[in-house]
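What follows is a single structure, written as structure tokens, with notes after it.
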Amino acid sequence: MGHRSFGAAFVAALVLSGLVIGTAPAATADDGFAPGDVPLTSYGQPGPHETAQTNEVHSCASSPWATAMDESYRFFGNQSHLQCTNSFPSGNELPFGVNFYYPKDIADSGPAPVVIFAPGTGQDPGWYDASAKFWASYGYVVAMPYDLLNGLPEIGIIGVKTLSDANKDPNNPMFGKVDLGRIFFVGHSGGGGATQQNASLPPDVYRYIDPAARIIGAVPWESSPYAIGILLNVPTMHMTGCMDVIVWHWYHPMWLQYHTTLTVPAYLACIRGANHTKPMDAPPNNAFTTLTLAWMQYLAKDDKDAAKYFVGPAWELPRDPGVEYVFRNRLADALPE
């Protein structure tokens, strides 16, 4: 996406960010999702689709700063090497834009549900490349807006605007194949704060951009404190790392965000042994990505294999060995099986 187009979307985002989030009809489940007896937190099988993307990533070796980050993250337990884009601070390109991931065979399939992912503050969007490819392999379109800060609601607004534009552009491979009625906001750290802010805006904000736009779920990972649960408009899976010393799992994610989510179904899952760098690892070593996939399969595709982790008196997520603890509120308790 060109910087001029991004700039126009950015201005529109700032104008709209003061301005509402509906629900979408369920679709048929994608049979590529099948953890079977494998714990969901250890599931890393890619979906049936090859993937394409608009901005290729590469080794971070050309950037001393990104190389140092890669080595430090691996020291703290990440299994995979980071991938970089050419945007600042890893490269010398401007630090704002939107990267897209989608199934390579999208032209031959029905409209795809959407993930708008917000990277962590100051993080290269390429560091989340493995997660975006994983979701795209299961039939999702992933938009990753970034502006270096990545912590305010313009991120999600820009995501909806650029996806709407792609869906209307006959020269775009995603033309007519973006299901704006099934949008998820997902984000890490500062981007987790943006995720909750975007999921708290009135639904008419997004319908003003595109009448088809509907937000159906949110997943903040190790979120910043700049959000409060009582404002959320859609079912939300709060996720934390039990070894995260930057965002303590028992602090604002629990008390300011999960426990104040009173008007929509909400969950809080703490990933055993996960620190603040784990969301930049690749599946199956990144439970944040795989739990998010299951949550989206449940809400967007009515996937019964995914639903069993979240609904009913015998819901399975509390028994997953990779989850130290998980809570759900009364509205989530009441969700039908």
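Labels used: A, B, ... for chains in the order of the structure tokens, numbers from 1 for residues in each chain, and numbers from 1 for ligands as shown.
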Please report, as a count of residues only, each residue of range 63-109 of chain A to which DSSP assigns strand (DSSP E or B) when run on this structure's backbone.
11
Please determine, counting only C-alpha atoms, which residue among A:Ala266, A:Ala143, A:Asp333, A:Pro89 has the shortest atom-to-atom distance to Ala314 in chain A.
A:Asp333
Near-range 52-56 of chain A list (9 Å; only C-alpha atoms; drop same-chain fewer than 4 positions) as a ChimeraX atom specification:
/A:1,84-85,98-105,126,133,136
So, counting only C-alpha atoms, which residue among A:Pro318, A:Pro336, A:Pro279, A:Gly110 is closest to Trp127 in chain A?
A:Pro279
CA of Val178 in chain A to CA of Pro111 in chain A, straight-line distance in Å:
5.0 Å
Rank nothing, just name the residue among A:Thr121, A:Asn167, A:Asn275, A:Thr162 nearest to Ser189 in chain A, using only C-alpha atoms.
A:Thr121
Excluding same-chain residues fewer than 2 positions from Gly193 in chain A, what lies within 6 Å of it counting only C-alpha atoms, as a list in words?
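After dropping sequence-adjacent residues, the list is Gly151, Gly190, Gly191, Thr195, Gln196, Ser223, Ser224, Tyr226 and Ala227 of chain A.
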Expected answer as a PyMOL selection string: alpha helix (DSSP H) residues in range 62-277 of chain A:
chain A and resi 64-75+129-137+154-168+190-198+204-209+252
Find the residues around range 35-49 of chain A up to 7 Å (only C-alpha atoms counted), leave out those fewer than 6 positions away in its own chain, and share them as a list in words.
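Neighbouring residues, sequence-local ones excluded: Pro103, Lys104, Phe134, Ser137, Tyr138, Gly139, Pro283, Pro284, Asn285, Ala287, Thr290, Leu291, Asp320 and Gly322 of chain A.
Separating CA of Glu222 in chain A from CA of Ile157 in chain A is a distance of 21.2 Å.
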For a test of reading the model, state the distance in Å between CA of Thr289 in chain A and CA of Ala199 in chain A, rounded to one decimal.
18.9 Å
I want to know what sits within 10 Å of Met296 in chain A, based on only C-alpha atoms, with residues of the same chain fewer than 3 positions away left out; could you give that as a list in words?
Pro113, Val114, Val115, Trp135, Tyr140, Arg182, Ile183, Phe184, Ile216, Gly217, Ala218, Val219, Thr290, Leu291, Thr292, Leu293, Leu299, Ala300, Lys301, Asp302, Asp303, Ala306 and Ala307 of chain A
Pick from A:Asp210, A:Met174, A:Gly273, A:Thr260: nearest to Ala112 in chain A, with only C-alpha atoms counted?
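Smallest distance to Ala112 in chain A is found for A:Met174.
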Best match for closeness to Pro95 in chain A among A:Tyr298, A:Tyr309, A:Tyr146, A:Phe117, counting only C-alpha atoms
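With only C-alpha atoms as the atom set, the closest residue is A:Tyr146.
Compared by their closest atoms to Arg207 in chain A, and using only C-alpha atoms, the residues A:Gly241, A:Gly122, A:Gly181, A:Pro313 rank with A:Gly181 nearest.
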If we count only C-alpha atoms, what is near Pro64 in chain A at a cut-off of 12 Å, once residues fewer than 4 positions away on the same chain are taken out, given as a PDB file with C-alpha atoms, in the first residue's frame?
```
ATOM      1  CA  SER A  59      16.188 -12.429   7.851  1.00  0.00           C
ATOM      2  CA  CYS A  60      16.871  -9.699  10.387  1.00  0.00           C
ATOM      3  CA  ALA A  68      20.048  -8.042  18.885  1.00  0.00           C
ATOM      4  CA  MET A  69      16.310  -8.341  19.500  1.00  0.00           C
ATOM      5  CA  ASP A  70      16.225 -11.733  17.796  1.00  0.00           C
ATOM      6  CA  GLU A  71      19.074 -13.071  19.903  1.00  0.00           C
ATOM      7  CA  CYS A  84      11.986  -8.446   9.375  1.00  0.00           C
ATOM      8  CA  PRO A  89      13.430   0.505  13.070  1.00  0.00           C
ATOM      9  CA  SER A  90      14.608  -2.677  11.288  1.00  0.00           C
ATOM     10  CA  GLY A  91      15.140  -0.890   7.959  1.00  0.00           C
TER      11      GLY A  91
END
```
